[in-house]
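**Q** After the structure tokens below, expect a handful of questions from me.
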Amino acid sequence: MNWFRIKSILKLGGKSLWMHRLRSMLTTLGIIFGVCSVVAMLAIGEGASRQAQQQIERLGSTNLIINTVKPPDEQVASGTTSRMNEYGLTYTDAERFYATLPTAQVIVPLRQISQEAWYRNRKLAIEVIGTVPWYPEIASLHILRGRFLTAMDMNYQQAVCVVDRHLAKQLFVFDDPIGQDIKIKGDYYRVVGVVSAAAESAGPADQPVSSSSAAGGVAGRIYIPITTVKIRFGEIKIQMGGSGAQIEKVQLQQITVKVQSSDQVLVTREIISRLLSKFHKKQDYQIVVPLELLREAARTKRIFSIVLGSIAAISLLVGGIGIMNIMLATVNERTREIGIRRALGARKKDIIVQFLSETVLLTLMGGVLGIVLGSIIPYLVTYFGDMPTVITGSSLILAFGISGAIGIAFGLYPAYRAANMDPIESLRHE
Amino acid sequence: MSIVRTEKLGKSYQMGLVQLHALRDFDLTIEPGQYVAIMGPSGSGKSTLLNLLGCLDQPTTGRYFLGDEDVSQMDDDQLSYIRGMKIGFIFQSYNLIAQLNVIENIEVPMFYQGIREKQSLRRARELAELVGLGERLTHRPTELSGGQQQRVAIARALGNDPLLLLADEPTGNLDTQSGTEILHILDLLHQRGKTLIVITHDPQVAARAQRVIHLLDGCIHHEENNGRQT
């Protein structure tokens, strides 16, 4: 089969499809929608799994994150009896984890405070992260310059800080941040290191930890030894609301526990859950297991795959049958042509190739249109449904392949019928 | 070596309970370069004979040698090859393919024999010139008169330089003048040494052939020789 033959066969197929433009177009609708849903399905699935992977990457698959959550409804009831609303994880919780978790490799307590940072006459809204020197073990944090916090810093409650790159750039502009002093709430902290910005490699604190971290417009993060934070910032936060002052006392916003391998995660979670429920009367904590996020993403992906997959399968099936129907009609219409070709030396094989390539050409065109339409859907899903979608090259190739395969599958029977017509009868056909 | 040799060729059809013998013990030998007309009333077996000689059908009994090959035992692919390579068909209703233009129609038999594009295009042009259609290569069959269409069909039949040209009522759909032109072309081909079989009702067409074979009830009734006796 040389190029000339292929070209002639395709040209012929194209010609006869073009002769029945409207019919060809309507026939391929099923294929178009089918391929469309295949592309959309794969894009949504890929988006979901990428998002999950990113989350895992960010949170670490061996991490368990325990967040402080403001207990719901409780606030009103307790607010009337005592002005102080005390809740959340405590240093004692962290101590208990150290003492009782055999699987824990690293335990990182974290304190988070929204504050303003001053450098000379520049002011920025920042987030103070009070943490321990081994914080980088649970967060993918890169030290760009200087160093991170040390045990010395923590033990002696040093007034030092590590800033993220983004913040450093805004606050110091042209000055070298290392060795400079930042003023936060009346105290000065010396910058000892610069790390990659939170947005680039967000730590676990990026999760919705508490109401304070949800505040937008934060320029960046300043990491300060947790002991320093404890003595300088205290644990009481006063929030001026419409109905008066609300006083909250929160010791820790987050404790992250890292275990050795991912199969210990669920066991550890169970232990933590029991431990916390013993000492916390209110449900003021939440345990986040990144592994479960992955499972949830897989569930979303599966639901979408089932729904769109069945739409795809049904429309491809219906489309395929429609195409078969049209091709049978075409074969019937062109009986005489088939007879002529057979009389002039065409083998059965040649007739099969001719009609099959016409069908495949039709479905491939449907496939291309379906891919074009199907590439728009994920954008709409992302835009309106707020779900990440990713169109990969391989999914397009797959969709194209499917449309070709449909052409072959549903074109074979009409082509076979065409090839097996009796040449004498066909020549007599009007 | 003769072009066509049949030995006790027979074809029968089962029509309900009755077996219909369309052709019985048919012996015919045609030598290279002969111009043979086959005549006979409807139902005399002309069409059956045409289908058998044209390798569109297989005989029930007997043998058929085309050139030196026994085609009566061949399978479908081999028959297709023989039809494309050794036989040139000229039909009463021209049977051109409507979607293709003149040059593409002429190329069809060459296409199925895998002739290269350049070569087949050149040959198709030559043949179009030969039948006097050198000016109308890109016309569609519907844009041509009946006579012109039949000329395209003749050019197409010559594509692979076949052993045998089989014409089935070639002038049946044409007016007298176009018919005469077509017969002239057939004469010309005969003069160039082609072997022709023409199936016809028309005595004037048959008059141009060397041998006229009259069929009746599936057998040769009698044979006339025009001009030279054989």
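Going through the structure tokens in order, the chains are called A, B, and so on, while each chain numbers its residues from 1 and the ligands are numbered from 1 in the order shown.
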Kindly assemble as a Markdown table a list of the chain B residues that lie within 8 Å of chain A, each paired with its nearest atom pair and their distance in Å to one decimal, using only C-alpha atoms, sorted first by chain and then by ascending residue number.
**A**
```
| residue | atom | partner | partner_atom | distance |
| --- | --- | --- | --- | --- |
| B:Asn51 | CA | A:Ile424 | CA | 7.4 |
| B:Leu56 | CA | A:Ile424 | CA | 6.5 |
| B:Asp57 | CA | A:Ile424 | CA | 7.7 |
| B:Asp76 | CA | A:Arg347 | CA | 7.5 |
| B:Asp77 | CA | A:Arg347 | CA | 5.6 |
| B:Ser80 | CA | A:Gly345 | CA | 4.6 |
| B:Tyr81 | CA | A:Gly345 | CA | 5.6 |
| B:Ile82 | CA | A:Gly345 | CA | 7.2 |
| B:Arg83 | CA | A:Gly345 | CA | 5.1 |
| B:Gly84 | CA | A:Gly345 | CA | 3.6 |
| B:Met85 | CA | A:Gly345 | CA | 7.2 |
| B:Gly88 | CA | A:Leu344 | CA | 7.7 |
| B:Phe89 | CA | A:Leu344 | CA | 7.5 |
| B:Asn95 | CA | A:Ile340 | CA | 6.6 |
| B:Leu96 | CA | A:Ile340 | CA | 7.8 |
| B:Ile97 | CA | A:Glu337 | CA | 6.2 |
| B:Gln99 | CA | A:Lys15 | CA | 7.5 |
| B:Val108 | CA | A:Leu344 | CA | 7.2 |
| B:Pro109 | CA | A:Leu344 | CA | 5.2 |
| B:Phe111 | CA | A:Arg5 | CA | 7.4 |
| B:Tyr112 | CA | A:Ala346 | CA | 5.7 |
| B:Gln113 | CA | A:Gly345 | CA | 7.5 |
| B:Gly114 | CA | A:Arg5 | CA | 7.8 |
| B:Arg116 | CA | A:Phe4 | CA | 7.5 |
| B:Glu117 | CA | A:Phe4 | CA | 6.4 |
```
**Q** Using DSSP on the backbone coordinates, identify the residues of segment 6-188 of chain B assigned to strand (DSSP E or B); present them as a PyMOL selection string.
**A** chain B and resi 6-15+18-30+35-39+61-66+69-70+87-90+164-168
**Q** Restricting the calculation to only C-alpha atoms, which member of B:Arg211, B:Ile3, B:Ile115, B:Glu126 is positioned closest to Pro162 of chain B?
**A**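 Going through B:Arg211, B:Ile3, B:Ile115, B:Glu126 one by one, the smallest distance to Pro162 of chain B is for B:Ile3.
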**Q** If you run DSSP on this backbone, which residues of segment 23-181 of chain B come out as alpha helix (DSSP H), and could you give them as number ranges by chain?
**A** B: 46-53, 76-86, 102-112, 117-130, 146-157, 176-181
**Q** Excluding Glu223 of chain B and its own-chain neighbours fewer than 4 positions away, which residues fall within 10 Å of it when counting only C-alpha atoms? Please give them as a PyMOL selection string.
**A** chain B and resi 37-39+211-215
**Q** Excluding segment 178-188 of chain B and its own-chain neighbours fewer than 5 positions away, which residues fall within 12 Å of it when counting only C-alpha atoms? Please give them as a PDB file with N, CA and C atoms, in the first residue's frame.
**A**
```pdb
ATOM      1  N   GLY B  33      -6.160 -11.501 -31.765  1.00  0.00           N
ATOM      2  CA  GLY B  33      -6.447 -10.548 -32.818  1.00  0.00           C
ATOM      3  C   GLY B  33      -7.800 -10.721 -33.482  1.00  0.00           C
ATOM      4  N   GLN B  34      -8.552 -11.680 -33.037  1.00  0.00           N
ATOM      5  CA  GLN B  34      -9.868 -11.880 -33.658  1.00  0.00           C
ATOM      6  C   GLN B  34     -10.898 -10.900 -33.115  1.00  0.00           C
ATOM      7  N   TYR B  35     -11.847 -10.577 -33.976  1.00  0.00           N
ATOM      8  CA  TYR B  35     -12.941  -9.676 -33.627  1.00  0.00           C
ATOM      9  C   TYR B  35     -14.198 -10.523 -33.723  1.00  0.00           C
ATOM     10  N   VAL B  36     -14.781 -10.845 -32.572  1.00  0.00           N
ATOM     11  CA  VAL B  36     -15.879 -11.807 -32.532  1.00  0.00           C
ATOM     12  C   VAL B  36     -17.143 -11.114 -32.038  1.00  0.00           C
ATOM     13  N   ALA B  37     -18.254 -11.319 -32.755  1.00  0.00           N
ATOM     14  CA  ALA B  37     -19.531 -10.803 -32.275  1.00  0.00           C
ATOM     15  C   ALA B  37     -20.366 -11.977 -31.800  1.00  0.00           C
ATOM     16  N   ILE B  90     -16.299  -3.094 -21.583  1.00  0.00           N
ATOM     17  CA  ILE B  90     -17.014  -1.924 -22.111  1.00  0.00           C
ATOM     18  C   ILE B  90     -18.497  -2.239 -21.967  1.00  0.00           C
ATOM     19  N   GLN B  92     -22.770  -1.399 -21.782  1.00  0.00           N
ATOM     20  CA  GLN B  92     -23.792  -0.670 -22.525  1.00  0.00           C
ATOM     21  C   GLN B  92     -24.034   0.708 -21.902  1.00  0.00           C
ATOM     22  N   TYR B  94     -22.048   2.461 -20.040  1.00  0.00           N
ATOM     23  CA  TYR B  94     -20.726   3.091 -19.782  1.00  0.00           C
ATOM     24  C   TYR B  94     -20.148   2.747 -18.419  1.00  0.00           C
ATOM     25  N   LEU B 127      -4.230   7.386 -23.429  1.00  0.00           N
ATOM     26  CA  LEU B 127      -5.446   6.687 -23.829  1.00  0.00           C
ATOM     27  C   LEU B 127      -6.569   7.666 -24.120  1.00  0.00           C
ATOM     28  N   LEU B 130      -6.033   8.876 -27.448  1.00  0.00           N
ATOM     29  CA  LEU B 130      -6.339   7.834 -28.418  1.00  0.00           C
ATOM     30  C   LEU B 130      -7.831   7.816 -28.751  1.00  0.00           C
ATOM     31  N   VAL B 131      -8.682   7.982 -27.744  1.00  0.00           N
ATOM     32  CA  VAL B 131     -10.132   7.951 -28.012  1.00  0.00           C
ATOM     33  C   VAL B 131     -10.684   9.344 -28.310  1.00  0.00           C
ATOM     34  N   GLY B 132      -9.777  10.323 -28.429  1.00  0.00           N
ATOM     35  CA  GLY B 132     -10.185  11.658 -28.836  1.00  0.00           C
ATOM     36  C   GLY B 132     -10.773  12.512 -27.727  1.00  0.00           C
ATOM     37  N   SER B 145     -21.258  13.821 -23.224  1.00  0.00           N
ATOM     38  CA  SER B 145     -22.343  13.152 -23.966  1.00  0.00           C
ATOM     39  C   SER B 145     -22.155  11.647 -23.851  1.00  0.00           C
ATOM     40  N   GLY B 146     -23.182  10.919 -24.241  1.00  0.00           N
ATOM     41  CA  GLY B 146     -23.116   9.459 -24.163  1.00  0.00           C
ATOM     42  C   GLY B 146     -21.925   8.893 -24.918  1.00  0.00           C
ATOM     43  N   GLY B 147     -21.715   9.398 -26.138  1.00  0.00           N
ATOM     44  CA  GLY B 147     -20.613   8.915 -26.947  1.00  0.00           C
ATOM     45  C   GLY B 147     -19.273   9.162 -26.292  1.00  0.00           C
ATOM     46  N   GLN B 148     -19.166  10.369 -25.700  1.00  0.00           N
ATOM     47  CA  GLN B 148     -17.906  10.690 -25.021  1.00  0.00           C
ATOM     48  C   GLN B 148     -17.686   9.794 -23.806  1.00  0.00           C
ATOM     49  N   GLN B 149     -18.787   9.539 -23.093  1.00  0.00           N
ATOM     50  CA  GLN B 149     -18.668   8.664 -21.921  1.00  0.00           C
ATOM     51  C   GLN B 149     -18.204   7.279 -22.334  1.00  0.00           C
ATOM     52  N   GLN B 150     -18.773   6.793 -23.455  1.00  0.00           N
ATOM     53  CA  GLN B 150     -18.377   5.458 -23.886  1.00  0.00           C
ATOM     54  C   GLN B 150     -16.914   5.438 -24.306  1.00  0.00           C
ATOM     55  N   ARG B 151     -16.441   6.561 -24.831  1.00  0.00           N
ATOM     56  CA  ARG B 151     -15.019   6.625 -25.199  1.00  0.00           C
ATOM     57  C   ARG B 151     -14.132   6.571 -23.967  1.00  0.00           C
ATOM     58  N   VAL B 152     -14.595   7.262 -22.913  1.00  0.00           N
ATOM     59  CA  VAL B 152     -13.845   7.181 -21.658  1.00  0.00           C
ATOM     60  C   VAL B 152     -13.792   5.725 -21.191  1.00  0.00           C
ATOM     61  N   ALA B 153     -14.959   5.043 -21.327  1.00  0.00           N
ATOM     62  CA  ALA B 153     -15.015   3.649 -20.897  1.00  0.00           C
ATOM     63  C   ALA B 153     -14.047   2.786 -21.694  1.00  0.00           C
ATOM     64  N   ILE B 154     -13.918   3.075 -22.991  1.00  0.00           N
ATOM     65  CA  ILE B 154     -12.982   2.302 -23.821  1.00  0.00           C
ATOM     66  C   ILE B 154     -11.550   2.572 -23.373  1.00  0.00           C
ATOM     67  N   ALA B 155     -11.258   3.844 -23.138  1.00  0.00           N
ATOM     68  CA  ALA B 155      -9.909   4.204 -22.679  1.00  0.00           C
ATOM     69  C   ALA B 155      -9.610   3.486 -21.372  1.00  0.00           C
ATOM     70  N   ALA B 157     -10.876   0.693 -20.353  1.00  0.00           N
ATOM     71  CA  ALA B 157     -10.710  -0.741 -20.590  1.00  0.00           C
ATOM     72  C   ALA B 157      -9.297  -1.074 -21.074  1.00  0.00           C
ATOM     73  N   LEU B 158      -8.639  -0.093 -21.679  1.00  0.00           N
ATOM     74  CA  LEU B 158      -7.312  -0.350 -22.245  1.00  0.00           C
ATOM     75  C   LEU B 158      -6.177  -0.109 -21.251  1.00  0.00           C
ATOM     76  N   LEU B 165     -10.800  -7.648 -24.942  1.00  0.00           N
ATOM     77  CA  LEU B 165     -11.764  -6.575 -24.693  1.00  0.00           C
ATOM     78  C   LEU B 165     -13.160  -7.158 -24.808  1.00  0.00           C
ATOM     79  N   LEU B 166     -13.955  -6.942 -23.774  1.00  0.00           N
ATOM     80  CA  LEU B 166     -15.306  -7.488 -23.760  1.00  0.00           C
ATOM     81  C   LEU B 166     -16.285  -6.333 -23.814  1.00  0.00           C
ATOM     82  N   ALA B 167     -17.050  -6.226 -24.911  1.00  0.00           N
ATOM     83  CA  ALA B 167     -17.997  -5.116 -25.019  1.00  0.00           C
ATOM     84  C   ALA B 167     -19.413  -5.673 -25.021  1.00  0.00           C
ATOM     85  N   GLU B 169     -23.049  -4.741 -25.750  1.00  0.00           N
ATOM     86  CA  GLU B 169     -23.913  -3.751 -26.408  1.00  0.00           C
ATOM     87  C   GLU B 169     -23.298  -2.348 -26.341  1.00  0.00           C
ATOM     88  N   PRO B 170     -22.118  -2.170 -26.873  1.00  0.00           N
ATOM     89  CA  PRO B 170     -21.426  -0.877 -26.664  1.00  0.00           C
ATOM     90  C   PRO B 170     -22.158   0.308 -27.278  1.00  0.00           C
ATOM     91  N   THR B 171     -23.015   0.052 -28.249  1.00  0.00           N
ATOM     92  CA  THR B 171     -23.716   1.170 -28.890  1.00  0.00           C
ATOM     93  C   THR B 171     -25.185   1.205 -28.505  1.00  0.00           C
ATOM     94  N   GLY B 172     -25.574   0.362 -27.585  1.00  0.00           N
ATOM     95  CA  GLY B 172     -26.984   0.201 -27.232  1.00  0.00           C
ATOM     96  C   GLY B 172     -27.656   1.467 -26.744  1.00  0.00           C
ATOM     97  N   ASN B 173     -26.909   2.329 -26.068  1.00  0.00           N
ATOM     98  CA  ASN B 173     -27.505   3.547 -25.518  1.00  0.00           C
ATOM     99  C   ASN B 173     -27.198   4.775 -26.356  1.00  0.00           C
ATOM    100  N   GLY B 193      -4.498  -4.952 -33.408  1.00  0.00           N
ATOM    101  CA  GLY B 193      -4.197  -6.298 -32.934  1.00  0.00           C
ATOM    102  C   GLY B 193      -4.890  -6.724 -31.672  1.00  0.00           C
ATOM    103  N   LYS B 194      -5.846  -5.937 -31.215  1.00  0.00           N
ATOM    104  CA  LYS B 194      -6.569  -6.320 -30.005  1.00  0.00           C
ATOM    105  C   LYS B 194      -7.557  -7.438 -30.290  1.00  0.00           C
ATOM    106  N   THR B 195      -7.781  -8.272 -29.314  1.00  0.00           N
ATOM    107  CA  THR B 195      -8.798  -9.302 -29.420  1.00  0.00           C
ATOM    108  C   THR B 195     -10.091  -8.756 -28.827  1.00  0.00           C
ATOM    109  N   LEU B 196     -11.171  -8.814 -29.601  1.00  0.00           N
ATOM    110  CA  LEU B 196     -12.419  -8.207 -29.147  1.00  0.00           C
ATOM    111  C   LEU B 196     -13.566  -9.207 -29.162  1.00  0.00           C
ATOM    112  N   ILE B 197     -14.384  -9.140 -28.154  1.00  0.00           N
ATOM    113  CA  ILE B 197     -15.660  -9.856 -28.188  1.00  0.00           C
ATOM    114  C   ILE B 197     -16.751  -8.828 -27.979  1.00  0.00           C
ATOM    115  N   VAL B 198     -17.696  -8.752 -28.920  1.00  0.00           N
ATOM    116  CA  VAL B 198     -18.780  -7.791 -28.799  1.00  0.00           C
ATOM    117  C   VAL B 198     -20.087  -8.565 -28.709  1.00  0.00           C
ATOM    118  N   ASP B 202     -27.553  -5.924 -32.504  1.00  0.00           N
ATOM    119  CA  ASP B 202     -27.587  -5.121 -33.721  1.00  0.00           C
ATOM    120  C   ASP B 202     -26.752  -5.777 -34.827  1.00  0.00           C
ATOM    121  N   GLN B 204     -25.846  -4.634 -37.566  1.00  0.00           N
ATOM    122  CA  GLN B 204     -24.853  -3.721 -38.145  1.00  0.00           C
ATOM    123  C   GLN B 204     -23.573  -3.704 -37.340  1.00  0.00           C
ATOM    124  N   VAL B 205     -23.727  -3.872 -36.052  1.00  0.00           N
ATOM    125  CA  VAL B 205     -22.533  -3.951 -35.200  1.00  0.00           C
ATOM    126  C   VAL B 205     -21.812  -5.251 -35.478  1.00  0.00           C
ATOM    127  N   ALA B 206     -22.617  -6.327 -35.537  1.00  0.00           N
ATOM    128  CA  ALA B 206     -22.033  -7.650 -35.757  1.00  0.00           C
ATOM    129  C   ALA B 206     -21.334  -7.736 -37.110  1.00  0.00           C
ATOM    130  N   ALA B 207     -21.840  -6.957 -38.082  1.00  0.00           N
ATOM    131  CA  ALA B 207     -21.286  -7.012 -39.433  1.00  0.00           C
ATOM    132  C   ALA B 207     -19.819  -6.613 -39.483  1.00  0.00           C
ATOM    133  N   ARG B 208     -19.363  -5.850 -38.476  1.00  0.00           N
ATOM    134  CA  ARG B 208     -17.967  -5.411 -38.477  1.00  0.00           C
ATOM    135  C   ARG B 208     -17.019  -6.477 -37.963  1.00  0.00           C
ATOM    136  N   ALA B 209     -17.576  -7.502 -37.321  1.00  0.00           N
ATOM    137  CA  ALA B 209     -16.718  -8.530 -36.734  1.00  0.00           C
ATOM    138  C   ALA B 209     -16.328  -9.567 -37.778  1.00  0.00           C
ATOM    139  N   GLN B 210     -15.222 -10.293 -37.485  1.00  0.00           N
ATOM    140  CA  GLN B 210     -14.787 -11.346 -38.392  1.00  0.00           C
ATOM    141  C   GLN B 210     -15.685 -12.553 -38.238  1.00  0.00           C
TER     142      GLN B 210
END
```
**Q** Show which residues sit within 9 Å of Asp68 of chain B, as number ranges by chain. Count only C-alpha atoms, and ignore same-chain residues fewer than 6 positions away.
**A** B: 1-4
**Q** Suppose we keep C-alpha atoms; can you now write the selection as a PDB file, in the first residue's frame?
**A**
```pdb
ATOM      1  CA  MET B   1      -1.726 -19.904 -27.906  1.00  0.00           C
ATOM      2  CA  SER B   2      -5.348 -18.925 -28.157  1.00  0.00           C
ATOM      3  CA  ILE B   3      -6.766 -16.098 -26.105  1.00  0.00           C
ATOM      4  CA  VAL B   4      -9.990 -17.808 -25.106  1.00  0.00           C
TER       5      VAL B   4
END
```
**Q** Counting only C-alpha atoms, which of B:Thr48, B:Asp168, B:Ser120, B:Thr6 gets nearest to Leu20 of chain B?
**A**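 Residue with the minimum atom-to-atom distance to Leu20 of chain B: B:Thr48.
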**Q** Taking 3 positions as the minimum chain separation for residues in the same chain, which residues sit within 6 Å of segment 38-47 of chain A when counting only C-alpha atoms? Answer as a list in words.
**A**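 Contacts, with the query itself left out: Val35, Arg50, Lys301, Ser305, Leu308, Ala312, Gly374, Pro378, Pro388, Thr389, Val390 and Ile391 of chain A.
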**Q** Those selected residues, please, written with all heavy atoms and delivered as an mmCIF file, in the first residue's frame.
**A**
```cif
data_model
loop_
_atom_site.group_PDB
_atom_site.id
_atom_site.type_symbol
_atom_site.label_atom_id
_atom_site.label_comp_id
_atom_site.auth_asym_id
_atom_site.auth_seq_id
_atom_site.Cartn_x
_atom_site.Cartn_y
_atom_site.Cartn_z
ATOM 1 N N VAL A 35 -16.452 11.877 22.228
ATOM 2 C CA VAL A 35 -15.039 12.245 22.363
ATOM 3 C C VAL A 35 -14.907 13.441 23.308
ATOM 4 O O VAL A 35 -14.000 13.517 24.147
ATOM 5 C CB VAL A 35 -14.437 12.564 20.979
ATOM 6 C CG1 VAL A 35 -13.079 13.211 21.111
ATOM 7 C CG2 VAL A 35 -14.324 11.290 20.167
ATOM 8 N N ARG A 50 -3.876 15.545 40.157
ATOM 9 C CA ARG A 50 -2.722 16.443 40.313
ATOM 10 C C ARG A 50 -2.852 17.297 41.553
ATOM 11 O O ARG A 50 -1.878 17.538 42.265
ATOM 12 C CB ARG A 50 -2.580 17.351 39.102
ATOM 13 C CG ARG A 50 -1.902 16.624 37.998
ATOM 14 C CD ARG A 50 -1.012 17.517 37.187
ATOM 15 N NE ARG A 50 -0.624 16.766 36.009
ATOM 16 C CZ ARG A 50 -0.179 17.299 34.907
ATOM 17 N NH1 ARG A 50 -0.052 18.596 34.820
ATOM 18 N NH2 ARG A 50 0.165 16.556 33.899
ATOM 19 N N LYS A 301 -12.563 11.798 41.634
ATOM 20 C CA LYS A 301 -12.138 11.426 40.288
ATOM 21 C C LYS A 301 -12.967 10.254 39.780
ATOM 22 O O LYS A 301 -13.392 10.229 38.629
ATOM 23 C CB LYS A 301 -10.658 11.048 40.338
ATOM 24 C CG LYS A 301 -10.052 10.776 38.990
ATOM 25 C CD LYS A 301 -8.589 10.441 39.137
ATOM 26 C CE LYS A 301 -8.037 9.905 37.831
ATOM 27 N NZ LYS A 301 -6.630 9.561 37.945
ATOM 28 N N SER A 305 -15.368 10.093 36.632
ATOM 29 C CA SER A 305 -15.050 9.126 35.585
ATOM 30 C C SER A 305 -16.264 8.284 35.269
ATOM 31 O O SER A 305 -16.545 7.992 34.105
ATOM 32 C CB SER A 305 -13.900 8.232 36.032
ATOM 33 O OG SER A 305 -12.769 9.012 36.249
ATOM 34 N N LEU A 308 -19.027 10.781 33.503
ATOM 35 C CA LEU A 308 -18.630 11.173 32.146
ATOM 36 C C LEU A 308 -18.298 9.960 31.291
ATOM 37 O O LEU A 308 -18.543 9.946 30.099
ATOM 38 C CB LEU A 308 -17.439 12.123 32.210
ATOM 39 C CG LEU A 308 -17.810 13.530 32.636
ATOM 40 C CD1 LEU A 308 -16.582 14.339 32.944
ATOM 41 C CD2 LEU A 308 -18.620 14.211 31.553
ATOM 42 N N ALA A 312 -19.864 9.176 27.827
ATOM 43 C CA ALA A 312 -18.975 8.942 26.688
ATOM 44 C C ALA A 312 -19.306 7.611 26.031
ATOM 45 O O ALA A 312 -19.463 7.528 24.808
ATOM 46 C CB ALA A 312 -17.525 8.966 27.144
ATOM 47 N N GLY A 374 -14.276 19.386 23.499
ATOM 48 C CA GLY A 374 -13.932 18.787 24.780
ATOM 49 C C GLY A 374 -12.847 19.547 25.506
ATOM 50 O O GLY A 374 -12.712 19.447 26.726
ATOM 51 N N PRO A 378 -13.361 21.575 30.071
ATOM 52 C CA PRO A 378 -12.575 21.706 31.302
ATOM 53 C C PRO A 378 -12.378 23.155 31.746
ATOM 54 O O PRO A 378 -12.396 23.439 32.944
ATOM 55 C CB PRO A 378 -11.243 21.066 30.927
ATOM 56 C CG PRO A 378 -11.584 20.105 29.876
ATOM 57 C CD PRO A 378 -12.693 20.724 29.096
ATOM 58 N N PRO A 388 -9.870 22.055 39.551
ATOM 59 C CA PRO A 388 -8.718 22.095 38.654
ATOM 60 C C PRO A 388 -8.860 21.057 37.551
ATOM 61 O O PRO A 388 -9.384 19.967 37.775
ATOM 62 C CB PRO A 388 -7.555 21.740 39.583
ATOM 63 C CG PRO A 388 -8.172 20.909 40.644
ATOM 64 C CD PRO A 388 -9.577 21.397 40.823
ATOM 65 N N THR A 389 -8.482 21.420 36.347
ATOM 66 C CA THR A 389 -8.509 20.466 35.239
ATOM 67 C C THR A 389 -7.201 20.563 34.478
ATOM 68 O O THR A 389 -6.613 21.637 34.392
ATOM 69 C CB THR A 389 -9.657 20.771 34.259
ATOM 70 O OG1 THR A 389 -9.567 22.148 33.901
ATOM 71 C CG2 THR A 389 -11.007 20.498 34.872
ATOM 72 N N VAL A 390 -6.762 19.452 33.971
ATOM 73 C CA VAL A 390 -5.525 19.435 33.202
ATOM 74 C C VAL A 390 -5.752 18.622 31.936
ATOM 75 O O VAL A 390 -6.171 17.470 32.002
ATOM 76 C CB VAL A 390 -4.372 18.799 34.011
ATOM 77 C CG1 VAL A 390 -3.105 18.786 33.179
ATOM 78 C CG2 VAL A 390 -4.148 19.555 35.302
ATOM 79 N N ILE A 391 -5.546 19.252 30.783
ATOM 80 C CA ILE A 391 -5.655 18.514 29.525
ATOM 81 C C ILE A 391 -4.258 18.064 29.142
ATOM 82 O O ILE A 391 -3.370 18.890 28.926
ATOM 83 C CB ILE A 391 -6.251 19.399 28.422
ATOM 84 C CG1 ILE A 391 -7.644 19.859 28.826
ATOM 85 C CG2 ILE A 391 -6.303 18.646 27.107
ATOM 86 C CD1 ILE A 391 -8.213 20.921 27.922
#
```
**Q** Nearest to Asp164 of chain A: which of A:Thr103, A:Ser196, A:Thr330, A:Ser395 is it, counting only C-alpha atoms?
**A**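 The answer is A:Ser196, which sits nearest to Asp164 of chain A.
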**Q** Figure out the distance between atom CA of Val218 of chain A and atom CA of Tyr188 of chain A, please, to one decimal in Å.
**A**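 Those two atoms sit 19.6 Å apart.
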**Q** Excluding Ile402 of chain A and its own-chain neighbours fewer than 3 positions away, which residues fall within 10 Å of it when counting only C-alpha atoms? Please give them as JSON, numbers by chain.
**A** {"A": [31, 34, 35, 38, 316, 363, 364, 367, 396, 397, 398, 399, 405, 406, 407, 408]}
**Q** Kindly give the distance, in Å, that separates atom CA of Thr150 of chain A and atom CA of Trp118 of chain A, rounded to a single decimal.
**A**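 Those two atoms sit 23.8 Å apart.
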**Q** Could you check the closest approach to Pro59 of chain B for each of B:Leu216, B:Leu9, B:Val18, B:Ile199 and tell me which residue wins, using only C-alpha atoms?
**A**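 Ranking B:Leu216, B:Leu9, B:Val18, B:Ile199 by distance to Pro59 of chain B, first place goes to B:Leu9.
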